[in-house]
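Novice: Structure: entry-v1.txt, compact mmCIF, C-alpha atoms and all ligand atoms.
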```txt
# COMPACT_ATOMS: atom_id res chain seq x y z
CA MET Z 20 -3.86 -27.64 44.69
CA THR Z 21 -5.20 -31.12 43.98
CA HIS Z 22 -8.32 -31.59 41.85
CA HIS Z 23 -10.27 -32.55 44.99
CA GLU Z 24 -9.73 -29.28 46.86
CA PRO Z 25 -12.47 -26.66 46.41
CA SER Z 26 -11.32 -23.81 44.18
CA LEU Z 27 -11.30 -20.24 45.47
CA ALA Z 28 -14.29 -19.50 43.20
CA ARG Z 29 -16.31 -22.26 44.91
CA GLN Z 30 -15.40 -20.99 48.38
CA THR Z 31 -16.68 -17.44 47.82
CA ALA Z 32 -20.40 -16.62 47.70
CA PHE Z 33 -21.89 -16.46 44.21
CA ASP Z 34 -22.82 -12.84 43.49
CA GLU Z 35 -25.90 -12.97 41.22
CA ALA Z 36 -25.71 -9.29 40.26
CA LYS Z 37 -22.04 -9.61 39.34
CA ALA Z 38 -22.79 -12.69 37.24
CA LYS Z 39 -25.63 -10.93 35.43
CA ALA Z 40 -23.46 -7.89 34.72
CA PHE Z 41 -20.74 -10.17 33.39
CA ALA Z 42 -23.16 -12.01 31.11
CA GLY Z 43 -24.15 -8.59 29.74
CA GLN Z 44 -20.47 -7.74 29.23
CA MET Z 45 -19.94 -10.95 27.24
CA LEU Z 46 -23.03 -10.33 25.10
CA THR Z 47 -21.77 -6.81 24.35
CA ALA Z 48 -18.47 -8.43 23.32
CA LEU Z 49 -20.34 -10.87 21.06
CA ASN Z 50 -22.14 -7.99 19.33
CA GLY Z 51 -18.85 -6.08 19.13
CA ALA Z 52 -17.17 -9.05 17.43
CA ALA Z 53 -20.09 -9.24 14.96
CA LEU Z 54 -19.81 -5.55 14.22
CA ALA Z 55 -16.02 -5.71 13.79
CA LEU Z 56 -16.34 -8.49 11.19
CA MET Z 57 -19.09 -6.68 9.31
CA ALA Z 58 -17.22 -3.35 9.52
CA SER Z 59 -14.24 -5.03 7.87
CA ILE Z 60 -16.53 -6.20 5.07
CA GLY Z 61 -18.10 -2.73 4.88
CA HIS Z 62 -14.63 -1.28 4.39
CA ARG Z 63 -13.42 -3.80 1.81
CA THR Z 64 -16.62 -3.55 -0.26
CA TRP Z 65 -16.57 0.27 -0.02
CA LEU Z 66 -20.12 0.07 1.39
CA PHE Z 67 -19.40 2.72 4.04
CA ASP Z 68 -17.89 5.05 1.44
CA GLU Z 69 -20.82 4.56 -0.92
CA MET Z 70 -23.34 5.09 1.90
CA ALA Z 71 -21.64 8.29 3.00
CA ALA Z 72 -22.09 9.63 -0.52
CA ALA Z 73 -25.64 8.33 -1.08
CA SER Z 74 -27.50 8.47 2.29
CA PRO Z 75 -30.43 8.12 2.58
CA CYS Z 76 -30.69 5.21 0.18
CA THR Z 77 -32.50 1.91 -0.21
CA SER Z 78 -30.62 -1.38 -0.18
CA VAL Z 79 -31.25 -1.65 -3.93
CA GLU Z 80 -29.73 1.77 -4.60
CA LEU Z 81 -26.77 1.05 -2.34
CA ALA Z 82 -26.12 -2.35 -3.92
CA ARG Z 83 -26.26 -0.81 -7.39
CA ARG Z 84 -23.80 1.97 -6.43
CA ALA Z 85 -21.39 -0.49 -4.81
CA LYS Z 86 -21.84 -3.07 -7.61
CA LEU Z 87 -22.74 -5.76 -5.07
CA ALA Z 88 -25.47 -8.38 -4.63
CA GLU Z 89 -28.49 -6.70 -2.98
CA ARG Z 90 -29.43 -9.69 -0.82
CA TYR Z 91 -26.06 -9.59 0.93
CA VAL Z 92 -26.09 -5.81 1.20
CA ARG Z 93 -29.54 -5.89 2.85
CA GLU Z 94 -28.44 -8.43 5.43
CA TRP Z 95 -25.28 -6.41 6.13
CA LEU Z 96 -27.46 -3.33 6.59
CA GLY Z 97 -29.44 -5.31 9.16
CA VAL Z 98 -26.27 -5.68 11.24
CA MET Z 99 -25.41 -2.01 10.85
CA VAL Z 100 -28.90 -0.83 11.87
CA ALA Z 101 -29.12 -3.26 14.81
CA ALA Z 102 -25.68 -2.12 15.97
CA ARG Z 103 -26.79 1.57 15.75
CA VAL Z 104 -24.19 2.40 13.12
CA VAL Z 105 -26.77 3.16 10.42
CA THR Z 106 -30.29 4.55 10.92
CA TYR Z 107 -33.31 3.04 9.16
CA ASP Z 108 -36.56 4.66 8.03
CA PRO Z 109 -39.05 1.75 7.78
CA VAL Z 110 -41.66 3.89 5.99
CA ALA Z 111 -39.38 5.03 3.19
CA GLY Z 112 -37.25 1.86 3.36
CA THR Z 113 -34.10 3.96 3.41
CA TYR Z 114 -30.82 3.72 5.32
CA THR Z 115 -28.62 6.60 6.48
CA LEU Z 116 -25.02 6.64 7.64
CA PRO Z 117 -24.81 9.75 9.87
CA ARG Z 118 -21.96 12.13 9.03
CA GLU Z 119 -20.55 11.75 12.55
CA HIS Z 120 -20.28 7.98 11.99
CA ALA Z 121 -18.97 8.32 8.42
CA ALA Z 122 -16.11 10.41 9.88
CA PHE Z 123 -14.76 7.19 11.48
CA LEU Z 124 -15.72 4.66 8.80
CA THR Z 125 -14.82 6.03 5.40
CA ARG Z 126 -11.68 6.64 3.40
CA GLU Z 127 -12.55 10.33 3.17
CA GLY Z 128 -13.57 10.45 6.84
CA SER Z 129 -12.67 13.68 8.55
CA VAL Z 130 -11.21 11.95 11.62
CA LYS Z 131 -9.85 8.40 11.31
CA ASN Z 132 -11.02 5.36 9.41
CA LEU Z 133 -11.59 2.81 12.18
CA ALA Z 134 -13.17 0.48 9.61
CA ALA Z 135 -9.65 -0.09 8.22
CA THR Z 136 -8.43 -1.14 11.70
CA MET Z 137 -11.44 -3.50 11.99
CA GLN Z 138 -9.76 -5.69 9.36
CA PHE Z 139 -7.16 -6.90 11.87
CA PRO Z 140 -9.40 -9.30 13.84
CA SER Z 141 -10.51 -10.92 10.56
CA VAL Z 142 -6.93 -11.24 9.29
CA VAL Z 143 -5.70 -12.99 12.42
CA SER Z 144 -8.82 -15.06 13.15
CA ALA Z 145 -8.30 -16.82 9.81
CA LEU Z 146 -5.37 -18.48 11.66
CA GLU Z 147 -7.30 -19.70 14.68
CA GLU Z 148 -6.54 -23.40 14.04
CA GLU Z 149 -2.81 -22.75 13.72
CA ILE Z 150 -2.67 -20.51 16.80
CA LEU Z 151 -4.61 -23.13 18.73
CA ALA Z 152 -1.91 -25.64 17.81
CA ARG Z 153 0.78 -23.13 18.91
CA PHE Z 154 -0.85 -22.92 22.37
CA HIS Z 155 -0.04 -26.64 22.68
CA ASP Z 156 3.41 -26.80 21.07
CA GLY Z 157 4.70 -23.32 22.00
CA GLU Z 158 6.18 -22.87 18.52
CA GLY Z 159 5.86 -19.71 16.42
CA MET Z 160 4.36 -18.51 13.13
CA HIS Z 161 5.77 -16.75 10.07
CA TYR Z 162 4.68 -13.61 8.26
CA HIS Z 163 3.69 -15.52 5.13
CA HIS Z 164 0.97 -17.29 7.15
CA TYR Z 165 -0.85 -14.03 7.74
CA GLY Z 166 -2.46 -13.37 4.36
CA ARG Z 167 -3.31 -9.69 4.05
CA PHE Z 168 -1.42 -8.60 7.19
CA HIS Z 169 1.13 -6.34 5.48
CA GLU Z 170 -1.54 -4.74 3.29
CA VAL Z 171 -3.78 -3.95 6.28
CA MET Z 172 -0.83 -2.81 8.40
CA GLY Z 173 0.24 -0.44 5.63
CA GLU Z 174 -3.27 0.95 5.35
CA VAL Z 175 -3.64 1.51 9.10
CA SER Z 176 -0.17 2.93 9.70
CA TYR Z 177 -0.70 5.28 6.76
CA GLN Z 178 -3.25 7.07 8.94
CA THR Z 179 -1.24 7.03 12.17
CA THR Z 180 2.34 7.51 11.09
CA VAL Z 181 2.48 8.50 7.43
CA MET Z 182 -0.12 11.26 7.06
CA PRO Z 183 1.02 13.05 10.26
CA LEU Z 184 4.73 12.35 9.61
CA VAL Z 185 5.85 15.71 8.25
CA GLY Z 186 3.46 17.89 10.27
CA SER Z 187 3.52 16.20 13.70
CA ILE Z 188 6.16 13.47 13.98
CA LEU Z 189 9.31 14.94 12.38
CA PRO Z 190 9.02 18.11 14.54
CA LEU Z 191 9.63 15.89 17.61
CA VAL Z 192 13.31 16.13 16.64
CA ASP Z 193 14.57 19.71 16.60
CA GLY Z 194 16.01 20.70 13.22
CA LEU Z 195 15.17 17.37 11.58
CA THR Z 196 13.09 18.86 8.77
CA ASP Z 197 15.94 21.26 7.89
CA ARG Z 198 18.46 18.41 7.90
CA LEU Z 199 16.20 16.37 5.63
CA GLU Z 200 15.95 19.36 3.28
CA ALA Z 201 19.75 19.63 3.23
CA GLY Z 202 20.36 15.92 2.59
CA ILE Z 203 20.99 13.11 5.09
CA ASP Z 204 20.90 9.29 5.23
CA VAL Z 205 17.77 7.76 6.70
CA ALA Z 206 16.62 4.17 7.22
CA ASP Z 207 13.24 2.81 8.29
CA LEU Z 208 13.73 -0.43 10.26
CA GLY Z 209 10.90 -2.91 9.67
CA CYS Z 210 9.48 -0.54 7.06
CA GLY Z 211 6.61 -2.89 6.13
CA ALA Z 212 4.61 -1.41 3.26
CA GLY Z 213 7.20 1.37 2.99
CA ARG Z 214 4.73 4.21 2.61
CA ALA Z 215 6.49 6.51 5.12
CA LEU Z 216 9.66 6.45 3.03
CA LEU Z 217 7.77 6.87 -0.22
CA LEU Z 218 6.36 10.11 1.14
CA LEU Z 219 9.70 11.31 2.55
CA ALA Z 220 11.70 10.49 -0.58
CA GLU Z 221 9.37 12.66 -2.65
CA ARG Z 222 9.22 15.46 -0.10
CA PHE Z 223 13.01 15.57 0.58
CA PRO Z 224 14.79 14.83 -2.73
CA ARG Z 225 18.28 15.66 -1.35
CA SER Z 226 18.11 12.96 1.34
CA ARG Z 227 18.70 9.24 0.79
CA PHE Z 228 16.25 6.68 2.21
CA SER Z 229 16.59 2.94 2.87
CA GLY Z 230 13.64 0.74 3.75
CA ILE Z 231 14.65 -2.51 5.46
CA ASP Z 232 12.28 -5.35 6.23
CA LEU Z 233 12.36 -9.10 6.62
CA CYS Z 234 9.53 -9.48 4.10
CA GLU Z 235 10.12 -8.42 0.51
CA ALA Z 236 6.42 -8.90 -0.23
CA ALA Z 237 5.59 -6.14 2.27
CA PHE Z 238 7.51 -3.39 0.50
CA ALA Z 239 7.25 -4.66 -3.11
CA PRO Z 240 4.33 -2.32 -4.01
CA ALA Z 241 6.20 0.71 -2.58
CA GLU Z 242 9.36 -0.32 -4.44
CA ALA Z 243 7.38 -0.49 -7.69
CA ALA Z 244 5.79 2.90 -6.95
CA ALA Z 245 9.22 4.43 -6.28
CA TRP Z 246 10.45 3.17 -9.64
CA SER Z 247 7.43 4.43 -11.52
CA LYS Z 248 7.77 7.85 -9.84
CA GLY Z 249 11.46 7.90 -10.78
CA LEU Z 250 12.58 8.21 -7.15
CA ARG Z 251 16.29 7.45 -7.18
CA ASN Z 252 16.82 8.39 -3.52
CA LEU Z 253 14.83 5.46 -2.14
CA ALA Z 254 15.90 1.81 -1.98
CA PHE Z 255 14.39 -1.15 -0.18
CA ARG Z 256 16.14 -4.29 0.97
CA SER Z 257 15.07 -7.52 2.55
CA GLN Z 258 17.10 -8.30 5.65
CA ASP Z 259 16.76 -9.89 9.08
CA LEU Z 260 17.61 -6.93 11.29
CA SER Z 261 18.38 -9.19 14.24
CA ARG Z 262 21.57 -10.15 12.36
CA GLY Z 263 22.82 -6.57 12.25
CA LEU Z 264 22.43 -3.38 10.28
CA ASP Z 265 24.83 -2.44 7.49
CA GLY Z 266 25.73 1.16 6.77
CA GLU Z 267 25.80 4.46 8.63
CA PHE Z 268 22.81 6.73 9.09
CA ASP Z 269 21.86 10.13 10.44
CA VAL Z 270 18.31 9.15 11.27
CA LEU Z 271 16.70 5.78 11.94
CA PHE Z 272 12.97 5.20 12.22
CA ALA Z 273 11.16 2.11 13.56
CA PHE Z 274 7.40 2.37 13.42
CA ASP Z 275 5.75 -0.39 15.45
CA ALA Z 276 8.49 -2.76 14.35
CA ILE Z 277 10.85 -3.49 17.26
CA HIS Z 278 8.76 -5.79 19.45
CA ASP Z 279 8.10 -8.23 16.55
CA GLN Z 280 11.80 -8.87 15.95
CA ALA Z 281 13.59 -12.07 16.80
CA ASP Z 282 16.08 -10.15 18.93
CA PRO Z 283 14.81 -6.64 19.71
CA GLN Z 284 17.75 -5.86 21.98
CA ALA Z 285 20.22 -6.74 19.19
CA VAL Z 286 18.30 -4.52 16.75
CA LEU Z 287 18.43 -1.60 19.20
CA ARG Z 288 22.19 -2.17 19.69
CA SER Z 289 22.70 -2.22 15.90
CA ALA Z 290 20.65 0.97 15.56
CA HIS Z 291 22.83 2.66 18.17
CA LYS Z 292 25.99 1.50 16.41
CA ALA Z 293 24.80 2.55 12.95
CA LEU Z 294 24.07 6.15 13.91
CA ARG Z 295 26.58 8.83 12.98
CA PRO Z 296 27.51 11.48 15.58
CA GLY Z 297 24.49 13.72 16.11
CA GLY Z 298 22.22 10.97 14.84
CA VAL Z 299 18.78 10.15 16.20
CA PHE Z 300 16.57 7.09 16.50
CA LEU Z 301 12.82 7.71 16.37
CA MET Z 302 10.85 4.68 17.53
CA VAL Z 303 7.08 4.33 17.70
CA GLU Z 304 5.55 1.62 19.88
CA PHE Z 305 2.22 1.17 21.70
CA GLY Z 306 1.89 3.60 24.58
CA ALA Z 307 1.10 0.85 27.06
CA SER Z 308 2.69 -0.04 30.37
CA SER Z 309 4.97 -3.06 30.77
CA ARG Z 310 2.80 -4.04 33.74
CA LEU Z 311 -0.52 -5.69 32.94
CA GLU Z 312 -2.20 -4.15 35.98
CA ASN Z 313 -1.46 -0.64 34.67
CA ASN Z 314 -3.16 -1.30 31.33
CA LEU Z 315 -6.69 -1.87 32.61
CA ALA Z 316 -7.70 1.71 31.82
CA HIS Z 317 -6.08 1.60 28.36
CA PRO Z 318 -8.97 2.04 25.91
CA ILE Z 319 -7.95 -0.76 23.53
CA ALA Z 320 -5.82 -3.00 25.74
CA PRO Z 321 -7.90 -6.17 25.03
CA PHE Z 322 -7.51 -5.60 21.28
CA LEU Z 323 -3.75 -5.01 21.57
CA TYR Z 324 -3.18 -8.09 23.76
CA MET Z 325 -5.29 -10.07 21.24
CA MET Z 326 -3.14 -8.89 18.30
CA SER Z 327 -0.06 -9.71 20.34
CA THR Z 328 -1.34 -13.25 21.08
CA MET Z 329 -2.43 -13.92 17.50
CA HIS Z 330 0.38 -12.16 15.61
CA CYS Z 331 3.20 -10.22 17.30
CA THR Z 332 4.25 -12.90 19.79
CA PRO Z 333 4.03 -15.86 17.37
CA VAL Z 334 5.98 -14.10 14.59
CA SER Z 335 8.79 -13.29 17.00
CA LEU Z 336 8.81 -16.89 18.35
CA GLY Z 337 8.73 -18.13 14.74
CA GLN Z 338 12.02 -16.32 14.11
CA GLY Z 339 13.55 -18.12 17.08
CA GLY Z 340 12.98 -14.98 19.12
CA GLN Z 341 11.84 -14.32 22.66
CA GLY Z 342 8.26 -13.26 21.80
CA LEU Z 343 8.46 -9.91 23.54
CA GLY Z 344 4.87 -9.13 22.55
CA ALA Z 345 3.21 -5.90 21.45
CA MET Z 346 2.58 -4.92 25.08
CA TRP Z 347 6.25 -4.92 26.14
CA GLY Z 348 5.46 -1.41 27.33
CA MET Z 349 7.13 1.94 27.67
CA GLU Z 350 9.14 1.03 30.80
CA THR Z 351 10.81 -2.02 29.19
CA ALA Z 352 11.27 -0.15 25.89
CA THR Z 353 13.07 2.70 27.66
CA GLU Z 354 15.26 0.27 29.63
CA MET Z 355 16.19 -1.63 26.47
CA LEU Z 356 17.03 1.59 24.60
CA GLU Z 357 19.31 2.60 27.47
CA ARG Z 358 20.89 -0.87 27.58
CA ALA Z 359 21.57 -0.53 23.84
CA GLY Z 360 23.64 2.56 24.61
CA PHE Z 361 21.18 5.40 24.04
CA ALA Z 362 22.07 7.99 26.69
CA ASN Z 363 19.20 10.35 26.03
CA VAL Z 364 15.68 8.93 25.61
CA THR Z 365 12.50 11.00 25.64
CA VAL Z 366 8.97 9.60 25.34
CA THR Z 367 6.22 11.80 23.94
CA ARG Z 368 2.50 11.28 23.31
CA LEU Z 369 0.99 13.05 20.31
CA PRO Z 370 -2.60 14.34 20.22
CA HIS Z 371 -3.39 12.75 16.83
CA ASP Z 372 -2.45 9.29 18.11
CA PRO Z 373 -3.75 8.31 21.57
CA PHE Z 374 -2.48 4.73 21.32
CA ASN Z 375 1.22 5.12 20.52
CA ALA Z 376 4.25 6.51 22.32
CA TYR Z 377 7.00 8.31 20.38
CA PHE Z 378 10.55 7.60 21.59
CA VAL Z 379 13.36 9.92 20.54
CA ALA Z 380 16.68 8.30 21.41
CA ARG Z 381 20.14 9.79 20.97
CA PRO Z 382 23.46 8.00 21.47
C1 LIG H 1 3.91 -4.33 12.78
S1 LIG H 1 4.77 -4.29 11.27
C2 LIG H 1 5.08 -2.55 11.05
C3 LIG H 1 5.42 -2.19 9.63
C4 LIG H 1 5.60 -0.69 9.33
N1 LIG H 1 6.69 -0.12 10.07
C5 LIG H 1 4.34 0.07 9.58
O1 LIG H 1 4.29 0.88 10.53
O2 LIG H 1 3.37 -0.13 8.82
C6 LIG H 1 6.38 -4.91 11.75
C7 LIG H 1 7.33 -5.10 10.60
O3 LIG H 1 8.57 -5.59 11.13
C8 LIG H 1 9.11 -6.50 10.18
N2 LIG H 1 10.05 -7.41 10.85
C9 LIG H 1 9.76 -8.34 11.78
N3 LIG H 1 10.86 -9.02 12.13
C10 LIG H 1 11.88 -8.51 11.40
C11 LIG H 1 13.27 -8.81 11.32
N4 LIG H 1 13.82 -9.78 12.06
N5 LIG H 1 14.03 -8.08 10.46
C12 LIG H 1 13.47 -7.10 9.70
N6 LIG H 1 12.16 -6.79 9.74
C13 LIG H 1 11.37 -7.49 10.58
C14 LIG H 1 7.88 -7.21 9.64
O4 LIG H 1 8.10 -7.84 8.40
C15 LIG H 1 6.85 -6.09 9.57
O5 LIG H 1 6.80 -5.49 8.30
```
Please render this file's structure as structure tokens.

Specialist:
Amino acid sequence: MTHHEPSLARQTAFDEAKAKAFAGQMLTALNGAALALMASIGHRTWLFDEMAAASPCTSVELARRAKLAERYVREWLGVMVAARVVTYDPVAGTYTLPREHAAFLTREGSVKNLAATMQFPSVVSALEEEILARFHDGEGMHYHHYGRFHEVMGEVSYQTTVMPLVGSILPLVDGLTDRLEAGIDVADLGCGAGRALLLLAERFPRSRFSGIDLCEAAFAPAEAAAWSKGLRNLAFRSQDLSRGLDGEFDVLFAFDAIHDQADPQAVLRSAHKALRPGGVFLMVEFGASSRLENNLAHPIAPFLYMMSTMHCTPVSLGQGGQGLGAMWGMETATEMLERAGFANVTVTRLPHDPFNAYFVARP
């Protein structure tokens, strides 16, 4: 098409109602972005936690409890009230965080702390200038550019994969808990903050655990915690898994860590090779489709594609990789596991975690 030809959009009639609905959709997005940023601040300042314990309260009382400047707290409360997260009694001048909302916004929340996940847009938007430049040069980024990424990742995955690990995830593999009790060799590939292994090493003292990640800074706090707890069955090492995996293991985990790699297929091949007879590879990845058109009904697809654009794809490209992206999808993941030599692959969805798929692969 030359620049002089009318575009398809110009040829079709302009639907006023559709345009108005779309403007509304964009304004909802604008308010959503505002709320996400303020929810991240509410989490990091512990304002949600303090409100859950003190509601109803005035802005002065809340600021005093949270040890924060009242003027900022009052303005933040304005966002929360306008966004219908917090209710406001103008006569008493008090604010209330309903219990049903606190369940999704606090560290003690009975369901899931979505305020922790709200930190991700802030973490990656700090890199907007750099990502903008990458759109032009096609180059990649490196983990050290991403500030608090590992910390936030560790906090979020603690809810999805660490807390439910023993009760819901390990039972996906028949007999695994018994084998861990008896004593086996386990590695977590791309272990990040290493909290899954910290839990397992304490719970299963006869087994031996290795946490492997490209970034030493990611697992350094868990390594220090293991030392202070006297855990001698847990070791971490910094390694580029695309270059191979040393050692033999009975069980390998990879929680949300394959698609970011420089060479995911090589990592899957190494995992297959490193498993002893009877071994098992348990991989967790987003439960999305490899086909964009199938993801329209996915409840957080825009967020996941955004994280993939801002983080997962650039960090893979930055390692000289292919930039598979977070939304590589269950079809491609299964194909790549099979290509790596895994003869038996099952994919399960777990009720506690509507966004991830759990792959159990056996050689
Ligand atoms: C999305 S994070 C997941 C971390 C952790 N498994 C969790 O669930 O919290 C992906 C991890 O893969 C690691 N990673 C990326 N490329 C790697 C490579 N080539 N070799 C080893 N680790 C790598 C990153 O450093 C990061 O910690």

Novice: Looking at Z:Phe223, Z:Phe123, Z:Phe305, Z:Tyr114, which one is nearest to ligand LIG 1 (chain H), with distances taken over all atoms listed in the file?

Specialist: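 With all atoms listed in the file as the atom set, the closest residue is Z:Phe305.
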
Novice: Quick one: residues within 6 Å of ligand LIG 1 (chain H), with all atoms listed in the file, as a JSON list (two decimals) with C-alpha atoms, keeping the file's coordinate frame?

Specialist:
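Generated file (part-v3.json):
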```
[["chain", "number", "residue", "atom", "x", "y", "z"],
["Z", 172, "MET", "CA", -0.83, -2.81, 8.40],
["Z", 173, "GLY", "CA", 0.24, -0.44, 5.63],
["Z", 176, "SER", "CA", -0.17, 2.93, 9.70],
["Z", 209, "GLY", "CA", 10.90, -2.91, 9.67],
["Z", 210, "CYS", "CA", 9.48, -0.54, 7.06],
["Z", 211, "GLY", "CA", 6.61, -2.89, 6.13],
["Z", 212, "ALA", "CA", 4.61, -1.41, 3.26],
["Z", 232, "ASP", "CA", 12.28, -5.35, 6.23],
["Z", 233, "LEU", "CA", 12.36, -9.10, 6.62],
["Z", 234, "CYS", "CA", 9.53, -9.48, 4.10],
["Z", 258, "GLN", "CA", 17.10, -8.30, 5.65],
["Z", 259, "ASP", "CA", 16.76, -9.89, 9.08],
["Z", 260, "LEU", "CA", 17.61, -6.93, 11.29],
["Z", 261, "SER", "CA", 18.38, -9.19, 14.24],
["Z", 274, "PHE", "CA", 7.40, 2.37, 13.42],
["Z", 275, "ASP", "CA", 5.75, -0.39, 15.45],
["Z", 276, "ALA", "CA", 8.49, -2.76, 14.35],
["Z", 279, "ASP", "CA", 8.10, -8.23, 16.55],
["Z", 280, "GLN", "CA", 11.80, -8.87, 15.95],
["Z", 281, "ALA", "CA", 13.59, -12.07, 16.80]]
```

Novice: Give me, as JSON, numbers by chain, all polymer residues having an atom no more than 8 Å from Cys76 (chain Z), counting all atoms listed in the file and skipping those fewer than 5 positions away in the same chain.

Specialist: {"Z": [70, 81, 113, 114, 115]}

Novice: Excluding Leu124 (chain Z) and residues on its chain fewer than 4 positions from it, collect all residues at most 8 Å away from it, counting only C-alpha atoms, and give them as JSON, numbers by chain.

Specialist: {"Z": [62, 67, 68, 120, 128, 131, 132, 133, 134, 135]}

Novice: Using Å and a single decimal, report how far CA of Met160 (chain Z) sits from CA of Asp265 (chain Z).

Specialist: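 We find that CA of Asp265 (chain Z) and CA of Met160 (chain Z) lie 26.6 Å from each other.
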
Novice: Considering all atoms listed in the file, return as JSON, numbers by chain whatever protein or nucleic-acid residues lie within 12 Å of region 362-367 of chain Z, sequence-local ones (same chain, fewer than 6 positions apart) excluded.

Specialist: {"Z": [187, 188, 190, 191, 192, 291, 297, 298, 299, 300, 301, 302, 303, 304, 305, 306, 307, 348, 349, 350, 352, 353, 354, 355, 356, 373, 374, 375, 376, 377, 378, 379, 380, 381, 382]}

Novice: Take the residues from that selection and write them out as a JSON list (two decimals), in the frame of the given file, keeping C-alpha atoms.

Specialist:
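selection-v9.json, written as the output of this step:
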```
[["chain", "number", "residue", "atom", "x", "y", "z"],
["Z", 187, "SER", "CA", 3.52, 16.20, 13.70],
["Z", 188, "ILE", "CA", 6.16, 13.47, 13.98],
["Z", 190, "PRO", "CA", 9.02, 18.11, 14.54],
["Z", 191, "LEU", "CA", 9.63, 15.89, 17.61],
["Z", 192, "VAL", "CA", 13.31, 16.13, 16.64],
["Z", 291, "HIS", "CA", 22.83, 2.66, 18.17],
["Z", 297, "GLY", "CA", 24.49, 13.72, 16.11],
["Z", 298, "GLY", "CA", 22.22, 10.97, 14.84],
["Z", 299, "VAL", "CA", 18.78, 10.15, 16.20],
["Z", 300, "PHE", "CA", 16.57, 7.09, 16.50],
["Z", 301, "LEU", "CA", 12.82, 7.71, 16.37],
["Z", 302, "MET", "CA", 10.85, 4.68, 17.53],
["Z", 303, "VAL", "CA", 7.08, 4.33, 17.70],
["Z", 304, "GLU", "CA", 5.55, 1.62, 19.88],
["Z", 305, "PHE", "CA", 2.22, 1.17, 21.70],
["Z", 306, "GLY", "CA", 1.89, 3.60, 24.58],
["Z", 307, "ALA", "CA", 1.10, 0.85, 27.06],
["Z", 348, "GLY", "CA", 5.46, -1.41, 27.33],
["Z", 349, "MET", "CA", 7.13, 1.94, 27.67],
["Z", 350, "GLU", "CA", 9.14, 1.03, 30.80],
["Z", 352, "ALA", "CA", 11.27, -0.15, 25.89],
["Z", 353, "THR", "CA", 13.07, 2.70, 27.66],
["Z", 354, "GLU", "CA", 15.26, 0.27, 29.63],
["Z", 355, "MET", "CA", 16.19, -1.63, 26.47],
["Z", 356, "LEU", "CA", 17.03, 1.59, 24.60],
["Z", 373, "PRO", "CA", -3.75, 8.31, 21.57],
["Z", 374, "PHE", "CA", -2.48, 4.73, 21.32],
["Z", 375, "ASN", "CA", 1.22, 5.12, 20.52],
["Z", 376, "ALA", "CA", 4.25, 6.51, 22.32],
["Z", 377, "TYR", "CA", 7.00, 8.31, 20.38],
["Z", 378, "PHE", "CA", 10.55, 7.60, 21.59],
["Z", 379, "VAL", "CA", 13.36, 9.92, 20.54],
["Z", 380, "ALA", "CA", 16.68, 8.30, 21.41],
["Z", 381, "ARG", "CA", 20.14, 9.79, 20.97],
["Z", 382, "PRO", "CA", 23.46, 8.00, 21.47]]
```

Novice: Report the distance between CA of Thr332 (chain Z) and CA of Gly344 (chain Z) in Å, rounded to one decimal place.

Specialist: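 Those two atoms sit 4.7 Å apart.
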
Novice: Between CA of Met182 (chain Z) and CA of Thr136 (chain Z), what is the distance in Å, rounded to a tenth?

Specialist: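 Going from CA of Met182 (chain Z) over to CA of Thr136 (chain Z) covers 15.6 Å.
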
Novice: I need the residue nearest Pro296 (chain Z) from this list: Z:Tyr162, Z:Trp95, Z:Phe268, Z:Tyr107. Use only C-alpha atoms for the distance.

Specialist: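 Smallest separation from Pro296 (chain Z) among the options: Z:Phe268.
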
Novice: Within 7 Å of Glu69 (chain Z), counting only C-alpha atoms, which residues show up once you throw out same-chain ones fewer than 4 positions away? Write them as a PyMOL selection string, please.

Specialist: chain Z and resi 65+73+84-85

Novice: Counting only C-alpha atoms, find residues at most 8 Å from (-1.2, 16.0, 14.6) (file frame) and give them as a VMD selection string.

Specialist: chain Z and resid 183 186 to 188 369 to 372

Novice: Excluding same-chain residues fewer than 4 positions from Ser59 (chain Z), what lies within 9 Å of it counting only C-alpha atoms, as an MDAnalysis selection string?

Specialist: chainID Z and resid 54:55 63:64 134:141

Novice: Just checking: using only C-alpha atoms, which residue out of Z:Arg83, Z:Glu357, Z:Ser229, Z:Pro333 ends up closest to Asp156 (chain Z)?

Specialist: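 Ranking Z:Arg83, Z:Glu357, Z:Ser229, Z:Pro333 by distance to Asp156 (chain Z), first place goes to Z:Pro333.
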
Novice: With only C-alpha atoms as the basis for distance, which of Z:Ala122, Z:Met57, Z:Ala82, Z:Ala316 is at the shortest distance from Val98 (chain Z)?

Specialist: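 Going through Z:Ala122, Z:Met57, Z:Ala82, Z:Ala316 one by one, the smallest distance to Val98 (chain Z) is for Z:Met57.
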